[in-house]
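Input: a single structure, listed below in structure tokens.
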Amino acid sequence: MDKIIVKGARENNLKNVNIELPKNKLIVMTGVSGSGKSSLAFDTIFAEGQRRYVESLSAYARQFIGNVDKPDVDSIEGLSPSISIDQKTTNKNPRSTVGTITEIYDFLRLLFARIGVPYCPNHHIPIKSQSIEEMTNKIMEMEEGTKLEILSPVIHGEKGTQKDLFDDLRKEGYSRVRVDGETLSLDEEIKLEKNKKHNIEVVVDRVVVRDSERSRIFESIETSTKLANGKVVFHVIGGDEILMSENYACPHCNFSIPELEPRLFSFNSPYGACLECKGLGTKLKISEDLIMPDKEKSLSQNGLLGYNIDNNTHNTIVRAVCEKYQIDMNMPIKNIPKNKLDILLYGTEEPIEIKFIAKNGNVRYTNDYFEGVIPNLERRYIETTSAWTREWLETFMVEMDCPVCHGTRLQDSVLSVYINKKNIYDMTMMSIRDLRDFLRNLKLTNEQKNISQLLLTEIDNRLTFLVNVGLEYLTLNRKAGTLSGGESQRIRLATQIGSKLSGVLYVLDEPSIGLHQKDNEKLIKSLEEMRDLGNTLIVVEHDEDTMRAADYLVDVGPGAGTEGGTIVAAGTPEEVMHNPNSLTGRYLAGLEKIEVPKKRRKGNGLYLEVVKAEEHNLKKINVKFPLGKFICVTGVSGSGKSSLVNEILYKTVANKLYRSKEVPGKCKEVKGLEHIDKVVMISQDAIGRTPRSNPATYVGVFDDIRDLFASTKEAKMRGYDKGRFSFNVKGGRCEACWGDGVKKIEMHFLPDVYVPCDVCHGRRYNKETLDITFKGKNISEVLNMRVNEAAKFFENVPKIKRKLDVLMDVGLTYITLGQSAPTLSGGEAGRVKLAKELQKKATGKSLFILDEPTTGLHTEDIKKLLAILNRIVDNGDTVIVIEHNLDVIKVADYIIDLGPDGGVNGGTIVATGTPEEVAKIKESYTGQWLKKYLEK
């Protein structure tokens with residue numbers, strides 16, 4: 001069958017939809033937010049494909065997955081095996097990186113294990129392993145009659161008396177050892193200093209180089225390597241020492257590494273991981289700034305947090321330290337000399353006497369070192385078994401590079417293996433494009449070429465796929481948890497292209513998110529490549545270029561929620577453009593559009609200025625943000641937009657206004673902070689991580705609704721207060737599911753599954769609470785209302801109606817009041833946050849920062865969002881938007897374009913000014929695309 005035939009789809013708001021979709025084509029589904037396109041693509045077509053796959057598994061396998069419900073659809077014919085690639089971030093595990101999730105790092109590990117060359121970090125020479133035969137041959141090449149000792153190094157730089165070692169050596173029949181270069185007899189008692197580090201070698205044999213001695217030398221070396229784990233030292237009497245090893249070892253020093261194998265290069269393996277941070281690359285450390293947030297306070301005013309001065313023991317210790325080192329406890333902390341403050345923070349180098357007086361008057365003296373406030377807190381963090389204590393201590397901690405591996409995650413020995421002067425960490429820190437170019441130009445021996453050919457081809461293919469989906473600026477060392485939804489999705493897309501499967505149905509959710517128009521063409525080519533392999537692609541998308549490239553375009557609508565759920569138009573892009581009922585078609589045809597403003601705002605003449613920004617790839621740039629304007633920060637993916645706006649500007653302002661504990665990105669200073677009295681960050685992070693979080697609670701309207709229910713006649717008669725209508729506290733909620741409406745089932749090796757509560761059937765409340773109604777609806781039914789339904793239902797309750805109107809203004813008419821936070825997309829979560837802030841009174845000195853707010857928005861929805869943002873700026877406030885959407889960029893008052901490219905090739909200012917001014921700058925990719933839009 002060459003078609004997917006869907007009959008009677010009713011999932012969510014779909015209204016008995018029937019549609020035929022051509023197979024082996026690029027199909028784009030579009031429509032306004034909440035129209036039902038995701039319900040059709042993901043909740044119906046993909047869900048049914050997934051269900052059929054699960055049904056095909058054995059009963060044994062299904063017990064680990066559980067039952068998958070059939071979507072509400074009469075039938076789907078012609079369905080292929082389905083793979084979903086959505087916007088959810090791949091992995092929050094700190095051990096997951098771009099390299100591990102694409103498997104490129106696994107291939108690199110194998111490459112280094114096969115053709116890597118170890119170097120001695122002390123003498124900077126290549127080192128190699130030697131067999132016992134090779135060692136013997138080297139010794140036999142010495143001048144005949146040379147006397148030497150064959151030694152086994154068994155202890156290197158360890159403290160202790162080593163009594164047990166000496167006893168074991170005596171039992172094994174050995175008679176001599178060399179301790180720190182001095183030969184001693186085991187017949188006598190050897191006394192070593194307990195606290196001094198020692199090097200100990202066992203004298204395995206004393207031999208003279210003669211042909212007749214060859215067998216004896218061979219056997220002695222064999223014994224020595226077994227004793228010392230592969231190492232052997234040859235001490236020429238009256239001459240030098242030579243170190244050889246079955247492992248890789250330097251002949252001049254004690255440096256050696258084990259046999260090169262892939263696990264040695266893994267930071268997730270104990271063989272290669274840094275011993276200090278266990279391969280994480282970072283350590284949580286107590287921050288001086290966080291334990292002393294207000295340096296105007298003195299020690300006696302509890303200026304030192306975490307080390308409670310009101311605690312009798314702590315007070316006694318601090319007072320003793322201050323008394324000995326003449327630190328004034330009533331002096332502001334900022335005035336205490338640094339050398340004295342360091343003693344308090346990091347401990348004493350000499351013992352101090354402390355006098356403890358118990359409540360009963362008993363006196364106790366101690367004479368000991370003071371460990372210091374910061375080491376004390378870090379020790380308590382490691383030793384405590386209390387989750388609450390760990391959480392509390394984490395409020396004083398920041399994540400810093402590991403002091404041993406400095407963020408490389410690997411042991412020094414691993415980093416001493418090179419391919420063309422690069423170790424494995426060096427390669428993971430290169431951008432994907434630079435790494436591909438480097439590996440293509442490797443200078444290898446013929447033997448190395450033969451060994452590595454297949455590996456290098458596989459790595460090159462995967463790197464090329466990542467370049468083709470616009471991710472050339474990423475590094476393999478980038479943590480998976482820091483990727484945006486769009487980046488994460490495109491990585492999985494590249495992985496699927498690399499798998500070269502055919503006959504598969506791929507369902508994608510807005511793969512163009514976070515992608516500059518320059519890179520969008522590459523993405524579309526990648527999608528077409530997957531189609532040409534014999535696959536069907538269903539892409540939920542709003543991007544105009546992707547819609548025009550589609551073989552088949554489906555417009556779902558016409559509106560959102562109950563006003564959507566039907567197929568408005570379907571066919572080629574040209575056919576949809578000629579359909580007068582299709583809003584999408586009218587935008588594609590140019591009949592509807594977002595107008596360019598007739599004039600640009602001049603602002604209030606004040607500025608925020610970031611001086612010498614150098615976070616991540618920013619190259620010490622100075623950037624002015626004119627206040628009282630609508631500002632767009634643009635540039636290709638990875639050009640430094642988020643580093644400048646989110647990491648430096650937002651965190652610096654938040655620190656100044658709210659004493660935020662987040663550490664700002666690196667810059668010299670930010671000027672003009674006195675002109676801002678409030679900063680609001682509207683990101684795409686979830687508004688909550690559990691089913692308890694929902695839009696109604698987040699924007700505060702649920703409080704008002706509970707007040708209303710508590711004021712009804714029936715509620716008053718029963719003595720119910722507003723707490724009765726909360727699903728977070730005992731009383732009115734269903735106790736079987738604690739008010740969640742669902743029960744979480746842990747699947748161990750799979751994601752947790754939520755199933756409806758079998759007592760309240762998902763309604764969250766007990767029967768008595770549900771008996772109370774307002775205008776015929778109980779509290780559970782109100783939570784299940786869509787925003788537009790609720791706005792009409794509460795039209796005569798001004799306090800509630802006003803908050804619901806703001807949700808309507810930001811285009812969230814279709815979501816339900818009680819919709820679980822984890823089910824909201826990033827764009828929806830961002831607009832809920834914006835709605836919350838819009839309820840507050842404008843000050844004229846507020847700064848709003850939005851990170852790609854158009855995510856998930858149809859052009860019609862973008863038009864509504866722009867109306868709100870313009871309203872904010874018209875009130876005198878400032879809006880800064882990180883954005884790729886040209887409809888938003890063209891209406892800005894001021895553009896800051898970063899680039900020119902991503903990664904190391906970005907981080908500079910390419911253009912600034914009005915859209916018209918930026919469009920004239922040839923070096924700006926944004927300007928080139930903007931020029932076409934403005935001309936249209």
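By order of appearance in the structure tokens: chains A, B, ..., then residues from 1 within every chain, and ligands from 1 in the order shown.
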Notebook entry, point to check: Where in stretch 315-524 of chain A does DSSP assign helix (DSSP H, G or I), given as a ChimeraX atom specification?
Noted result: /A:315-324,333-335,338-346,373-383,387-394,414-416,424-428,432-440,446-468,480-482,485-499,517-524
Residues near stretch 905-914 of chain A, cut-off 10 Å, only C-alpha atoms, skip fewer than 6 positions along chain, as a PDB file with C-alpha atoms, in the first residue's frame:
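Generated output (result-v8.pdb):
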```
ATOM      1  CA  SER A 431      34.167  21.980  16.911  1.00  0.00           C
ATOM      2  CA  TYR A 473      29.654  24.457  16.054  1.00  0.00           C
ATOM      3  CA  ARG A 600      11.356  52.384  14.886  1.00  0.00           C
ATOM      4  CA  ARG A 601      11.344  53.468  18.539  1.00  0.00           C
ATOM      5  CA  ALA A 613      32.426  39.691  27.398  1.00  0.00           C
ATOM      6  CA  GLU A 614      34.435  36.470  27.060  1.00  0.00           C
ATOM      7  CA  GLU A 615      32.123  33.678  28.248  1.00  0.00           C
ATOM      8  CA  HIS A 616      32.482  30.516  26.117  1.00  0.00           C
ATOM      9  CA  ASN A 617      33.348  31.685  22.572  1.00  0.00           C
ATOM     10  CA  LEU A 618      32.763  35.446  23.059  1.00  0.00           C
ATOM     11  CA  LYS A 619      35.918  37.335  22.088  1.00  0.00           C
ATOM     12  CA  LYS A 620      36.099  40.164  24.675  1.00  0.00           C
ATOM     13  CA  ILE A 621      33.306  42.074  22.955  1.00  0.00           C
ATOM     14  CA  ASN A 622      31.658  45.305  24.159  1.00  0.00           C
ATOM     15  CA  VAL A 623      27.885  45.355  23.588  1.00  0.00           C
ATOM     16  CA  LYS A 624      25.387  48.158  24.214  1.00  0.00           C
ATOM     17  CA  ILE A 631      15.902  44.401  20.822  1.00  0.00           C
ATOM     18  CA  CYS A 632      16.626  41.210  18.848  1.00  0.00           C
ATOM     19  CA  VAL A 633      19.879  39.318  19.406  1.00  0.00           C
ATOM     20  CA  THR A 634      20.525  37.228  16.292  1.00  0.00           C
ATOM     21  CA  GLY A 635      23.179  35.050  14.687  1.00  0.00           C
ATOM     22  CA  VAL A 636      23.755  31.495  13.535  1.00  0.00           C
ATOM     23  CA  SER A 637      23.478  28.625  16.012  1.00  0.00           C
ATOM     24  CA  GLY A 638      26.449  28.666  18.371  1.00  0.00           C
ATOM     25  CA  SER A 639      27.453  32.261  17.614  1.00  0.00           C
ATOM     26  CA  GLY A 640      27.322  33.283  21.312  1.00  0.00           C
ATOM     27  CA  LYS A 641      23.795  34.706  21.714  1.00  0.00           C
ATOM     28  CA  SER A 643      26.315  33.248  26.353  1.00  0.00           C
ATOM     29  CA  LEU A 644      25.909  37.017  26.022  1.00  0.00           C
ATOM     30  CA  ILE A 889      13.561  40.243  13.653  1.00  0.00           C
ATOM     31  CA  LYS A 890      12.062  42.552  11.021  1.00  0.00           C
ATOM     32  CA  VAL A 891       9.813  44.329  13.578  1.00  0.00           C
ATOM     33  CA  ALA A 892      12.620  44.959  16.126  1.00  0.00           C
ATOM     34  CA  ASP A 893      13.799  48.463  16.933  1.00  0.00           C
ATOM     35  CA  TYR A 894      17.403  47.340  17.261  1.00  0.00           C
ATOM     36  CA  ILE A 895      19.358  44.229  16.229  1.00  0.00           C
ATOM     37  CA  ILE A 896      22.603  42.860  17.676  1.00  0.00           C
ATOM     38  CA  ASP A 897      23.931  40.236  15.241  1.00  0.00           C
ATOM     39  CA  LEU A 898      26.653  37.884  16.478  1.00  0.00           C
ATOM     40  CA  GLY A 899      28.864  35.604  14.437  1.00  0.00           C
ATOM     41  CA  LYS A 920      22.871  46.466   4.224  1.00  0.00           C
ATOM     42  CA  ILE A 921      25.797  44.634   5.883  1.00  0.00           C
ATOM     43  CA  LYS A 922      27.068  41.937   3.518  1.00  0.00           C
ATOM     44  CA  GLU A 923      29.082  40.144   6.230  1.00  0.00           C
ATOM     45  CA  SER A 924      25.896  39.425   8.202  1.00  0.00           C
ATOM     46  CA  TYR A 925      24.071  36.187   7.335  1.00  0.00           C
ATOM     47  CA  THR A 926      21.060  37.572   9.218  1.00  0.00           C
ATOM     48  CA  GLY A 927      21.292  40.753   7.140  1.00  0.00           C
TER      49      GLY A 927
END
```
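Between atom CA of A:Asp401 and atom CA of A:Gly665 lies a distance of 14.8 Å.
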Within 12 Å of stretch 478-499 of chain A: each stretch 635-710 of chain A residue with its shortest pair, only C-alpha atoms, as CSV:
```
residue,atom,partner,partner_atom,distance
A:Ser637,CA,A:Glu487,CA,9.3
A:Gly638,CA,A:Glu487,CA,10.4
A:Ser642,CA,A:Ser484,CA,10.9
A:Ser683,CA,A:Ser484,CA,11.0
A:Gln684,CA,A:Ser484,CA,9.2
A:Asp685,CA,A:Ser484,CA,9.9
A:Ala686,CA,A:Gly485,CA,11.9
```
Quick one: everything within 12 Å of A:Ser693, counting only C-alpha atoms, minus sequence neighbours fewer than 4 positions away in the same chain. Send it as a list in words.
-> Ala686, Ile687, Gly688, Arg689, Thr697, Tyr698, Val699, Gly700, Phe702, Phe727, Asn728, Gly739, Asp740, Leu817, Gly818, Gln819, Ser820, Ala821, Pro822, Thr823, Leu824, Ala829 and Val832 of chain A
Leaving out stretch 243-259 of chain A and any residue of its chain fewer than 4 positions from it, which residues lie within 8 Å of it when counting only C-alpha atoms, given as a PyMOL selection string?
chain A and resi 118+120+122-123+125+127-132+135+225+230-234+413-414
Closest atom pairs, residues of stretch 191-285 of chain A within 12 Å of stretch 174-187 of chain A, only C-alpha atoms, as a tab-separated table:
```
residue	atom	partner	partner_atom	distance
A:Lys191	CA	A:Val179	CA	10.6
A:Leu192	CA	A:Val179	CA	9.2
A:Glu193	CA	A:Val179	CA	11.7
A:Lys196	CA	A:Asp180	CA	11.0
A:Lys197	CA	A:Asp180	CA	9.3
A:His198	CA	A:Asp180	CA	6.2
A:Asn199	CA	A:Asp180	CA	5.1
A:Ile200	CA	A:Val179	CA	4.7
A:Glu201	CA	A:Arg178	CA	5.1
A:Val202	CA	A:Val177	CA	4.4
A:Val203	CA	A:Val177	CA	5.2
A:Val204	CA	A:Tyr174	CA	6.9
A:Asp205	CA	A:Tyr174	CA	9.0
A:Arg206	CA	A:Arg176	CA	10.3
A:Thr223	CA	A:Tyr174	CA	11.6
A:Ser224	CA	A:Tyr174	CA	11.5
A:Leu227	CA	A:Tyr174	CA	11.6
A:Val233	CA	A:Arg178	CA	11.3
A:His235	CA	A:Gly181	CA	10.4
A:Ile237	CA	A:Thr183	CA	11.8
A:Glu241	CA	A:Gly181	CA	10.7
```
Those residues you just picked out, can you put them in a file as a PDB file, in the first residue's frame with N, CA and C atoms?
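Below is the file out11.pdb, written as the result:
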```pdb
ATOM      1  N   LYS A 191      63.839  -0.411  59.104  1.00  0.00           N
ATOM      2  CA  LYS A 191      62.914   0.539  59.735  1.00  0.00           C
ATOM      3  C   LYS A 191      62.755   1.770  58.834  1.00  0.00           C
ATOM      4  N   LEU A 192      61.517   2.051  58.471  1.00  0.00           N
ATOM      5  CA  LEU A 192      61.223   3.224  57.631  1.00  0.00           C
ATOM      6  C   LEU A 192      60.402   4.234  58.421  1.00  0.00           C
ATOM      7  N   GLU A 193      60.563   5.516  58.057  1.00  0.00           N
ATOM      8  CA  GLU A 193      59.757   6.579  58.694  1.00  0.00           C
ATOM      9  C   GLU A 193      58.307   6.436  58.244  1.00  0.00           C
ATOM     10  N   LYS A 196      56.986   9.422  55.859  1.00  0.00           N
ATOM     11  CA  LYS A 196      57.800   9.823  54.708  1.00  0.00           C
ATOM     12  C   LYS A 196      57.475   8.912  53.516  1.00  0.00           C
ATOM     13  N   LYS A 197      57.444   9.505  52.312  1.00  0.00           N
ATOM     14  CA  LYS A 197      57.176   8.713  51.106  1.00  0.00           C
ATOM     15  C   LYS A 197      58.440   7.969  50.673  1.00  0.00           C
ATOM     16  N   HIS A 198      58.267   6.702  50.262  1.00  0.00           N
ATOM     17  CA  HIS A 198      59.420   5.868  49.900  1.00  0.00           C
ATOM     18  C   HIS A 198      59.220   5.227  48.531  1.00  0.00           C
ATOM     19  N   ASN A 199      60.367   4.960  47.872  1.00  0.00           N
ATOM     20  CA  ASN A 199      60.388   4.158  46.647  1.00  0.00           C
ATOM     21  C   ASN A 199      61.140   2.872  46.965  1.00  0.00           C
ATOM     22  N   ILE A 200      60.538   1.725  46.685  1.00  0.00           N
ATOM     23  CA  ILE A 200      61.152   0.436  47.037  1.00  0.00           C
ATOM     24  C   ILE A 200      61.198  -0.464  45.806  1.00  0.00           C
ATOM     25  N   GLU A 201      62.391  -1.039  45.564  1.00  0.00           N
ATOM     26  CA  GLU A 201      62.579  -1.993  44.472  1.00  0.00           C
ATOM     27  C   GLU A 201      63.165  -3.279  45.052  1.00  0.00           C
ATOM     28  N   VAL A 202      62.683  -4.401  44.566  1.00  0.00           N
ATOM     29  CA  VAL A 202      63.199  -5.705  45.011  1.00  0.00           C
ATOM     30  C   VAL A 202      64.366  -6.098  44.099  1.00  0.00           C
ATOM     31  N   VAL A 203      65.485  -6.487  44.700  1.00  0.00           N
ATOM     32  CA  VAL A 203      66.603  -6.989  43.896  1.00  0.00           C
ATOM     33  C   VAL A 203      66.298  -8.440  43.572  1.00  0.00           C
ATOM     34  N   VAL A 204      65.816  -8.679  42.345  1.00  0.00           N
ATOM     35  CA  VAL A 204      65.412 -10.020  41.939  1.00  0.00           C
ATOM     36  C   VAL A 204      66.643 -10.887  41.677  1.00  0.00           C
ATOM     37  N   ASP A 205      67.670 -10.270  41.046  1.00  0.00           N
ATOM     38  CA  ASP A 205      68.862 -11.054  40.703  1.00  0.00           C
ATOM     39  C   ASP A 205      70.024 -10.117  40.419  1.00  0.00           C
ATOM     40  N   ARG A 206      71.263 -10.652  40.621  1.00  0.00           N
ATOM     41  CA  ARG A 206      72.474  -9.957  40.188  1.00  0.00           C
ATOM     42  C   ARG A 206      73.146 -10.850  39.158  1.00  0.00           C
ATOM     43  N   THR A 223      60.422 -13.072  36.103  1.00  0.00           N
ATOM     44  CA  THR A 223      60.053 -13.011  37.530  1.00  0.00           C
ATOM     45  C   THR A 223      59.793 -11.560  37.939  1.00  0.00           C
ATOM     46  N   SER A 224      60.695 -10.667  37.484  1.00  0.00           N
ATOM     47  CA  SER A 224      60.595  -9.257  37.869  1.00  0.00           C
ATOM     48  C   SER A 224      59.312  -8.626  37.337  1.00  0.00           C
ATOM     49  N   LEU A 227      56.318  -9.706  39.326  1.00  0.00           N
ATOM     50  CA  LEU A 227      56.312  -9.097  40.665  1.00  0.00           C
ATOM     51  C   LEU A 227      55.869  -7.635  40.615  1.00  0.00           C
ATOM     52  N   VAL A 233      63.547  -2.839  36.290  1.00  0.00           N
ATOM     53  CA  VAL A 233      64.626  -1.852  36.271  1.00  0.00           C
ATOM     54  C   VAL A 233      65.951  -2.606  36.187  1.00  0.00           C
ATOM     55  N   HIS A 235      69.805  -2.062  36.790  1.00  0.00           N
ATOM     56  CA  HIS A 235      70.791  -1.166  37.406  1.00  0.00           C
ATOM     57  C   HIS A 235      72.181  -1.659  37.075  1.00  0.00           C
ATOM     58  N   ILE A 237      75.856  -1.813  37.535  1.00  0.00           N
ATOM     59  CA  ILE A 237      76.712  -1.503  38.670  1.00  0.00           C
ATOM     60  C   ILE A 237      77.757  -0.469  38.246  1.00  0.00           C
ATOM     61  N   GLU A 241      70.669   3.603  35.278  1.00  0.00           N
ATOM     62  CA  GLU A 241      69.541   2.684  35.420  1.00  0.00           C
ATOM     63  C   GLU A 241      68.688   2.764  34.167  1.00  0.00           C
TER      64      GLU A 241
END
```
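Around A:Thr536, within 8 Å and counting only C-alpha atoms, the residues found are Lys23, Asn24, Lys25, Leu26, Ile27, Gly503, Val504, Leu505, Tyr506, Arg531, Gly534 and Ile538 of chain A, once anything fewer than 2 positions away on its own chain is removed.
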**OP:** Name the closest residue to A:Leu865 among the candidates A:Ile594, A:Val645, A:Ala790, A:Ile5; distances are taken between atoms, counting only C-alpha atoms.
**Re:**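 Comparing A:Ile594, A:Val645, A:Ala790, A:Ile5 against A:Leu865, the winner is A:Ile594.
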key: Selection: 8 Å around A:Leu850, only C-alpha atoms, excl. self and same-chain fewer than 2 positions, as a list of chain:residue names   =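 That gives A:Met681, A:Ile682, A:Ser683, A:Phe848, A:Glu852, A:Pro853, A:Val879, A:Ile880, A:Val881, A:Ile882.
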Out of A:Val918, A:Val469, A:Leu456, A:Ser75, which residue has the shortest atom-to-atom distance to A:His516 when counting only C-alpha atoms?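 Residue with the minimum atom-to-atom distance to A:His516: A:Val469.
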Q.
Which residue is closest to A:Tyr365? Choose from A:Leu533, A:Ile424, A:Val797, A:Ala320 and count only C-alpha atoms.
A.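 Under the stated criterion, the closest residue is A:Ala320.
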Between A:Leu838, A:Val596, A:Leu807, A:Ile139, smallest distance to A:Leu934 by only C-alpha atoms belongs to A:Val596
- Task: Select from stretch 775-816 of chain A everything DSSP, run on the backbone, classes as strand (DSSP E or B), then give the selection as a list in words.
- Result: Lys777, Asn778, Arg786 and Thr816 of chain A
Those residues you just picked out, can you put them in a file as a PDB file, in the first residue's frame with N, CA, C and O atoms?
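Listing of part_0.pdb after writing:
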```
ATOM      1  N   LYS A 777     -20.620  23.189  37.813  1.00  0.00           N
ATOM      2  CA  LYS A 777     -19.329  22.529  37.575  1.00  0.00           C
ATOM      3  C   LYS A 777     -18.584  22.356  38.893  1.00  0.00           C
ATOM      4  O   LYS A 777     -18.507  23.287  39.696  1.00  0.00           O
ATOM      5  N   ASN A 778     -18.004  21.146  39.110  1.00  0.00           N
ATOM      6  CA  ASN A 778     -17.178  20.955  40.309  1.00  0.00           C
ATOM      7  C   ASN A 778     -15.742  21.388  40.018  1.00  0.00           C
ATOM      8  O   ASN A 778     -15.390  21.696  38.875  1.00  0.00           O
ATOM      9  N   ARG A 786     -10.651  24.212  29.006  1.00  0.00           N
ATOM     10  CA  ARG A 786      -9.637  24.959  28.250  1.00  0.00           C
ATOM     11  C   ARG A 786      -9.723  26.431  28.660  1.00  0.00           C
ATOM     12  O   ARG A 786     -10.748  26.886  29.171  1.00  0.00           O
ATOM     13  N   THR A 816      -5.598  23.320  28.905  1.00  0.00           N
ATOM     14  CA  THR A 816      -6.525  23.241  30.028  1.00  0.00           C
ATOM     15  C   THR A 816      -5.885  23.864  31.262  1.00  0.00           C
ATOM     16  O   THR A 816      -4.655  23.881  31.395  1.00  0.00           O
TER      17      THR A 816
END
```
